[in-house]
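So this block is protein-v8.cif, mmCIF, N, CA and C atoms:
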```
data_upload
#
loop_
_atom_site.label_atom_id
_atom_site.label_comp_id
_atom_site.auth_asym_id
_atom_site.auth_seq_id
_atom_site.Cartn_x
_atom_site.Cartn_y
_atom_site.Cartn_z
N MET V 81 42.80 -61.70 -77.52
CA MET V 81 43.05 -61.96 -76.13
C MET V 81 41.88 -61.41 -75.32
N SER V 82 41.31 -62.23 -74.47
CA SER V 82 40.23 -61.79 -73.59
C SER V 82 40.81 -61.33 -72.27
N VAL V 83 40.31 -60.18 -71.81
CA VAL V 83 40.82 -59.57 -70.60
C VAL V 83 39.67 -59.31 -69.64
N VAL V 84 39.93 -59.52 -68.34
CA VAL V 84 38.93 -59.23 -67.32
C VAL V 84 39.61 -58.51 -66.16
N ALA V 85 38.92 -57.52 -65.61
CA ALA V 85 39.38 -56.84 -64.40
C ALA V 85 38.44 -57.23 -63.27
N ILE V 86 39.01 -57.59 -62.14
CA ILE V 86 38.21 -57.99 -60.98
C ILE V 86 38.54 -57.04 -59.84
N GLY V 87 37.52 -56.43 -59.27
CA GLY V 87 37.74 -55.51 -58.16
C GLY V 87 36.48 -54.74 -57.84
N ASP V 88 36.63 -53.73 -57.01
CA ASP V 88 35.46 -52.94 -56.66
C ASP V 88 35.07 -52.04 -57.83
N PRO V 89 33.88 -51.44 -57.78
CA PRO V 89 33.40 -50.65 -58.92
C PRO V 89 34.35 -49.53 -59.36
N THR V 90 35.01 -48.88 -58.42
CA THR V 90 35.95 -47.81 -58.77
C THR V 90 37.13 -48.37 -59.56
N PHE V 91 37.64 -49.51 -59.14
CA PHE V 91 38.78 -50.12 -59.82
C PHE V 91 38.44 -50.56 -61.23
N ILE V 92 37.30 -51.21 -61.41
CA ILE V 92 36.97 -51.77 -62.72
C ILE V 92 36.40 -50.74 -63.70
N ALA V 93 35.97 -49.58 -63.20
CA ALA V 93 35.31 -48.59 -64.06
C ALA V 93 36.18 -48.16 -65.24
N GLY V 94 37.42 -47.82 -64.98
CA GLY V 94 38.31 -47.38 -66.06
C GLY V 94 38.56 -48.46 -67.09
N PHE V 95 38.69 -49.68 -66.62
CA PHE V 95 38.92 -50.79 -67.55
C PHE V 95 37.69 -51.03 -68.43
N LYS V 96 36.52 -50.91 -67.83
CA LYS V 96 35.29 -51.09 -68.60
C LYS V 96 35.17 -50.03 -69.69
N MET V 97 35.67 -48.82 -69.42
CA MET V 97 35.60 -47.75 -70.41
C MET V 97 36.42 -48.05 -71.66
N ILE V 98 37.44 -48.90 -71.53
CA ILE V 98 38.26 -49.24 -72.70
C ILE V 98 37.92 -50.62 -73.25
N GLY V 99 36.79 -51.17 -72.81
CA GLY V 99 36.31 -52.41 -73.38
C GLY V 99 36.67 -53.69 -72.65
N VAL V 100 37.30 -53.57 -71.50
CA VAL V 100 37.65 -54.74 -70.71
C VAL V 100 36.44 -55.15 -69.89
N GLU V 101 36.19 -56.43 -69.80
CA GLU V 101 35.09 -56.90 -68.95
C GLU V 101 35.45 -56.67 -67.49
N GLY V 102 34.50 -56.19 -66.71
CA GLY V 102 34.74 -55.94 -65.29
C GLY V 102 33.82 -56.78 -64.43
N LEU V 103 34.39 -57.42 -63.42
CA LEU V 103 33.60 -58.23 -62.49
C LEU V 103 33.76 -57.64 -61.10
N LYS V 104 32.64 -57.30 -60.48
CA LYS V 104 32.66 -56.61 -59.19
C LYS V 104 32.92 -57.58 -58.04
N ALA V 105 33.90 -57.21 -57.21
CA ALA V 105 34.23 -57.94 -55.99
C ALA V 105 34.62 -56.90 -54.94
N MET V 106 33.97 -56.95 -53.79
CA MET V 106 34.18 -55.92 -52.78
C MET V 106 35.21 -56.28 -51.71
N ASN V 107 35.63 -57.54 -51.66
CA ASN V 107 36.61 -57.94 -50.65
C ASN V 107 37.37 -59.17 -51.15
N ALA V 108 38.35 -59.59 -50.37
CA ALA V 108 39.20 -60.71 -50.78
C ALA V 108 38.41 -62.00 -50.99
N SER V 109 37.43 -62.23 -50.15
CA SER V 109 36.61 -63.44 -50.27
C SER V 109 35.87 -63.47 -51.62
N GLU V 110 35.29 -62.34 -51.98
CA GLU V 110 34.58 -62.26 -53.26
C GLU V 110 35.56 -62.38 -54.43
N VAL V 111 36.73 -61.80 -54.30
CA VAL V 111 37.74 -61.91 -55.36
C VAL V 111 38.09 -63.37 -55.58
N LEU V 112 38.32 -64.12 -54.51
CA LEU V 112 38.68 -65.53 -54.64
C LEU V 112 37.56 -66.35 -55.27
N THR V 113 36.33 -66.08 -54.88
CA THR V 113 35.19 -66.79 -55.47
C THR V 113 35.10 -66.53 -56.96
N ILE V 114 35.16 -65.25 -57.33
CA ILE V 114 35.07 -64.88 -58.75
C ILE V 114 36.27 -65.42 -59.52
N LEU V 115 37.45 -65.32 -58.95
CA LEU V 115 38.65 -65.81 -59.62
C LEU V 115 38.57 -67.30 -59.90
N ASN V 116 38.09 -68.07 -58.95
CA ASN V 116 37.92 -69.52 -59.19
C ASN V 116 36.94 -69.78 -60.32
N GLU V 117 35.85 -69.04 -60.38
CA GLU V 117 34.87 -69.20 -61.46
C GLU V 117 35.48 -68.81 -62.81
N VAL V 118 36.21 -67.71 -62.83
CA VAL V 118 36.86 -67.23 -64.06
C VAL V 118 37.85 -68.28 -64.58
N LEU V 119 38.61 -68.87 -63.67
CA LEU V 119 39.60 -69.86 -64.08
C LEU V 119 38.96 -71.13 -64.64
N LYS V 120 37.79 -71.47 -64.16
CA LYS V 120 37.09 -72.65 -64.68
C LYS V 120 36.68 -72.47 -66.14
N THR V 121 36.43 -71.23 -66.55
CA THR V 121 35.95 -70.98 -67.91
C THR V 121 37.04 -71.03 -68.96
N ASN V 122 38.30 -70.83 -68.55
CA ASN V 122 39.41 -70.75 -69.51
C ASN V 122 39.16 -69.71 -70.59
N LYS V 123 38.40 -68.70 -70.28
CA LYS V 123 38.00 -67.68 -71.25
C LYS V 123 39.00 -66.53 -71.35
N TYR V 124 39.74 -66.26 -70.29
CA TYR V 124 40.56 -65.05 -70.24
C TYR V 124 42.05 -65.35 -70.30
N SER V 125 42.76 -64.50 -71.05
CA SER V 125 44.21 -64.61 -71.16
C SER V 125 44.91 -63.70 -70.15
N LEU V 126 44.20 -62.66 -69.73
CA LEU V 126 44.77 -61.69 -68.79
C LEU V 126 43.73 -61.36 -67.73
N ILE V 127 44.14 -61.45 -66.47
CA ILE V 127 43.27 -61.10 -65.35
C ILE V 127 43.93 -59.95 -64.59
N ILE V 128 43.23 -58.83 -64.50
CA ILE V 128 43.75 -57.64 -63.84
C ILE V 128 43.10 -57.52 -62.46
N LEU V 129 43.94 -57.36 -61.44
CA LEU V 129 43.46 -57.27 -60.06
C LEU V 129 44.16 -56.12 -59.33
N PRO V 130 43.50 -55.58 -58.29
CA PRO V 130 44.18 -54.57 -57.46
C PRO V 130 45.36 -55.19 -56.72
N ASP V 131 46.42 -54.43 -56.56
CA ASP V 131 47.64 -54.89 -55.90
C ASP V 131 47.38 -55.41 -54.49
N ARG V 132 46.35 -54.93 -53.84
CA ARG V 132 46.08 -55.34 -52.45
C ARG V 132 45.68 -56.82 -52.34
N TYR V 133 45.38 -57.49 -53.47
CA TYR V 133 44.98 -58.90 -53.43
C TYR V 133 46.10 -59.87 -53.81
N VAL V 134 47.34 -59.39 -53.83
CA VAL V 134 48.47 -60.27 -54.15
C VAL V 134 48.53 -61.44 -53.17
N ASP V 135 48.48 -61.14 -51.88
CA ASP V 135 48.59 -62.20 -50.87
C ASP V 135 47.38 -63.13 -50.90
N ALA V 136 46.20 -62.57 -51.05
CA ALA V 136 44.97 -63.38 -51.03
C ALA V 136 44.89 -64.35 -52.19
N THR V 137 45.49 -64.00 -53.33
CA THR V 137 45.40 -64.84 -54.53
C THR V 137 46.62 -65.74 -54.74
N ALA V 138 47.58 -65.68 -53.84
CA ALA V 138 48.84 -66.42 -54.03
C ALA V 138 48.60 -67.92 -54.23
N GLU V 139 47.75 -68.51 -53.43
CA GLU V 139 47.50 -69.96 -53.53
C GLU V 139 46.89 -70.33 -54.89
N ILE V 140 45.93 -69.54 -55.34
CA ILE V 140 45.30 -69.82 -56.63
C ILE V 140 46.31 -69.67 -57.76
N ARG V 141 47.11 -68.61 -57.72
CA ARG V 141 48.11 -68.40 -58.77
C ARG V 141 49.14 -69.52 -58.78
N SER V 142 49.51 -69.98 -57.61
CA SER V 142 50.46 -71.09 -57.50
C SER V 142 49.86 -72.36 -58.11
N ARG V 143 48.58 -72.59 -57.87
CA ARG V 143 47.90 -73.76 -58.43
C ARG V 143 47.90 -73.70 -59.96
N VAL V 144 47.66 -72.54 -60.52
CA VAL V 144 47.65 -72.37 -61.98
C VAL V 144 49.02 -72.72 -62.55
N ILE V 145 50.07 -72.28 -61.88
CA ILE V 145 51.43 -72.58 -62.34
C ILE V 145 51.71 -74.07 -62.25
N LYS V 146 51.32 -74.69 -61.14
CA LYS V 146 51.56 -76.13 -60.96
C LYS V 146 50.81 -76.97 -61.99
N GLU V 147 49.68 -76.46 -62.46
CA GLU V 147 48.92 -77.16 -63.50
C GLU V 147 49.60 -77.04 -64.85
N GLY V 148 50.64 -76.22 -64.96
CA GLY V 148 51.37 -76.05 -66.20
C GLY V 148 50.69 -75.12 -67.19
N ARG V 149 49.76 -74.33 -66.70
CA ARG V 149 49.04 -73.42 -67.59
C ARG V 149 49.89 -72.19 -67.91
N VAL V 150 49.85 -71.78 -69.16
CA VAL V 150 50.56 -70.59 -69.60
C VAL V 150 49.67 -69.35 -69.39
N THR V 151 48.39 -69.54 -69.55
CA THR V 151 47.44 -68.44 -69.32
C THR V 151 46.44 -68.89 -68.28
N PRO V 152 45.90 -67.98 -67.56
CA PRO V 152 45.96 -66.53 -67.76
C PRO V 152 47.19 -65.91 -67.09
N ILE V 153 47.50 -64.73 -67.55
CA ILE V 153 48.52 -63.91 -66.91
C ILE V 153 47.80 -63.06 -65.86
N PHE V 154 48.38 -62.95 -64.69
CA PHE V 154 47.82 -62.13 -63.63
C PHE V 154 48.57 -60.81 -63.59
N SER V 155 47.85 -59.71 -63.66
CA SER V 155 48.46 -58.39 -63.59
C SER V 155 47.89 -57.65 -62.39
N PHE V 156 48.78 -57.19 -61.52
CA PHE V 156 48.35 -56.47 -60.32
C PHE V 156 48.66 -54.99 -60.48
N ILE V 157 47.63 -54.19 -60.31
CA ILE V 157 47.72 -52.75 -60.51
C ILE V 157 47.44 -52.04 -59.19
N PRO V 158 48.28 -51.07 -58.80
CA PRO V 158 47.96 -50.30 -57.59
C PRO V 158 46.61 -49.58 -57.78
N ASP V 159 45.86 -49.48 -56.71
CA ASP V 159 44.58 -48.78 -56.79
C ASP V 159 44.53 -47.64 -55.79
N TYR V 160 43.38 -47.07 -55.62
CA TYR V 160 43.20 -45.87 -54.79
C TYR V 160 43.42 -46.11 -53.29
N THR V 161 43.56 -47.35 -52.84
CA THR V 161 43.73 -47.62 -51.41
C THR V 161 45.12 -47.25 -50.91
N GLY V 162 46.04 -47.05 -51.83
CA GLY V 162 47.39 -46.69 -51.43
C GLY V 162 48.27 -47.90 -51.14
N ILE V 163 47.69 -49.09 -51.15
CA ILE V 163 48.48 -50.30 -50.95
C ILE V 163 49.18 -50.63 -52.26
N LYS V 164 50.49 -50.63 -52.24
CA LYS V 164 51.22 -50.93 -53.47
C LYS V 164 52.53 -51.60 -53.14
N GLY V 165 53.10 -52.22 -54.13
CA GLY V 165 54.39 -52.85 -53.98
C GLY V 165 54.36 -54.29 -53.50
N LYS V 166 53.17 -54.84 -53.25
CA LYS V 166 53.09 -56.23 -52.77
C LYS V 166 53.61 -57.20 -53.82
N ARG V 167 53.28 -56.98 -55.07
CA ARG V 167 53.72 -57.88 -56.14
C ARG V 167 55.23 -57.80 -56.31
N ILE V 168 55.79 -56.60 -56.19
CA ILE V 168 57.24 -56.43 -56.31
C ILE V 168 57.95 -57.20 -55.19
N GLU V 169 57.42 -57.11 -53.98
CA GLU V 169 58.01 -57.86 -52.87
C GLU V 169 57.93 -59.36 -53.11
N GLU V 170 56.80 -59.82 -53.64
CA GLU V 170 56.65 -61.24 -53.94
C GLU V 170 57.67 -61.69 -54.98
N LEU V 171 57.87 -60.88 -56.01
CA LEU V 171 58.84 -61.21 -57.06
C LEU V 171 60.27 -61.21 -56.51
N LYS V 172 60.59 -60.25 -55.65
CA LYS V 172 61.92 -60.21 -55.06
C LYS V 172 62.19 -61.47 -54.23
N LYS V 173 61.19 -61.93 -53.48
CA LYS V 173 61.36 -63.16 -52.70
C LYS V 173 61.59 -64.36 -53.60
N SER V 174 60.82 -64.44 -54.69
CA SER V 174 60.96 -65.58 -55.62
C SER V 174 62.33 -65.60 -56.29
N VAL V 175 62.78 -64.45 -56.74
CA VAL V 175 64.08 -64.38 -57.40
C VAL V 175 65.20 -64.66 -56.39
N SER V 176 65.06 -64.15 -55.18
CA SER V 176 66.06 -64.40 -54.14
C SER V 176 66.17 -65.90 -53.86
N LEU V 177 65.03 -66.59 -53.80
CA LEU V 177 65.07 -68.04 -53.60
C LEU V 177 65.75 -68.74 -54.77
N ALA V 178 65.48 -68.27 -55.97
CA ALA V 178 66.03 -68.92 -57.16
C ALA V 178 67.55 -68.76 -57.26
N VAL V 179 68.05 -67.60 -56.88
CA VAL V 179 69.50 -67.37 -57.01
C VAL V 179 70.25 -67.70 -55.72
N GLY V 180 69.53 -67.93 -54.64
CA GLY V 180 70.16 -68.31 -53.39
C GLY V 180 70.76 -67.15 -52.61
N ALA V 181 70.32 -65.95 -52.92
CA ALA V 181 70.82 -64.77 -52.20
C ALA V 181 69.71 -63.75 -52.11
N ARG V 182 69.70 -63.00 -51.02
CA ARG V 182 68.67 -61.98 -50.84
C ARG V 182 68.98 -60.78 -51.72
N LEU V 183 67.99 -60.39 -52.52
CA LEU V 183 68.16 -59.24 -53.41
C LEU V 183 67.81 -57.95 -52.67
N LYS V 184 68.60 -56.93 -52.94
CA LYS V 184 68.29 -55.59 -52.42
C LYS V 184 68.20 -54.68 -53.62
N LEU V 185 67.01 -54.14 -53.82
CA LEU V 185 66.80 -53.25 -54.97
C LEU V 185 66.47 -51.87 -54.50
#
```
Would you write the structure of this file as structure tokens?
Amino acid sequence: MSVVAIGDPTFIAGFKMIGVEGLKAMNASEVLTILNEVLKTNKYSLIILPDRYVDATAEIRSRVIKEGRVTPIFSFIPDYTGIKGKRIEELKKSVSLAVGARLKL
């Protein structure tokens, strides 16, 4: 399985130490550009991103699902910015829509 981490140098440093490829992106615009390029290659099974980019990448992730692709898997990890929980909120909204009731966790 090929894995890539996309984010600022601080975020990707730890992943690079364990052998994961790291691609530097300093803001949401750069993340989207790199993510589109990464998806064109079909090289990676897992893409690791900082949690703060959940909203910025929603459209791209939705497109991947609509294309019927099983990979890559997107993993959002909290980083040093303190922004966290965005992915959990997104999942709660999706499950609430699916079951027809608002979830409270």
> What is the distance, in Å and to one decimal place, between atom C of Pro89 of chain V and atom CA of Tyr124 of chain V?
Replying inline: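 If I compute the distance from atom C of Pro89 of chain V to atom CA of Tyr124 of chain V, I get 19.9 Å.
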> Can you list, as a PyMOL selection string, the residues that the PyMOL selection byres ((chain V and resi 107-120) around 7) selects here?
Replying inline: chain V and resi 86-88+104-106+121-124+133+136-137
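Computed from the coordinates, the atom CA of Met81 of chain V to atom CA of Thr151 of chain V distance equals 10.4 Å.
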> So, counting only N, CA and C atoms, which residue among V:Ser155, V:Thr90, V:Ser142, V:Ser82 is closest to Leu129 of chain V?
Replying inline: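 Comparing V:Ser155, V:Thr90, V:Ser142, V:Ser82 against Leu129 of chain V, the winner is V:Ser155.
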Segment 98-109 of chain V, all listed atoms, 5 Å padding on each side: what axis-aligned box centre and edge lengths in Å to one decimal come out, as JSON?
```
{"center_x": 35.9, "center_y": -56.2, "center_z": -61.8, "size_x": 16.6, "size_y": 24.6, "size_z": 33.2}
```
>> As an exercise, work out the distance from atom N of Pro158 of chain V to atom N of Ile98 of chain V in Å and give it to one decimal place.
In response: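 Rounded to one decimal, the two atoms are 16.9 Å apart.
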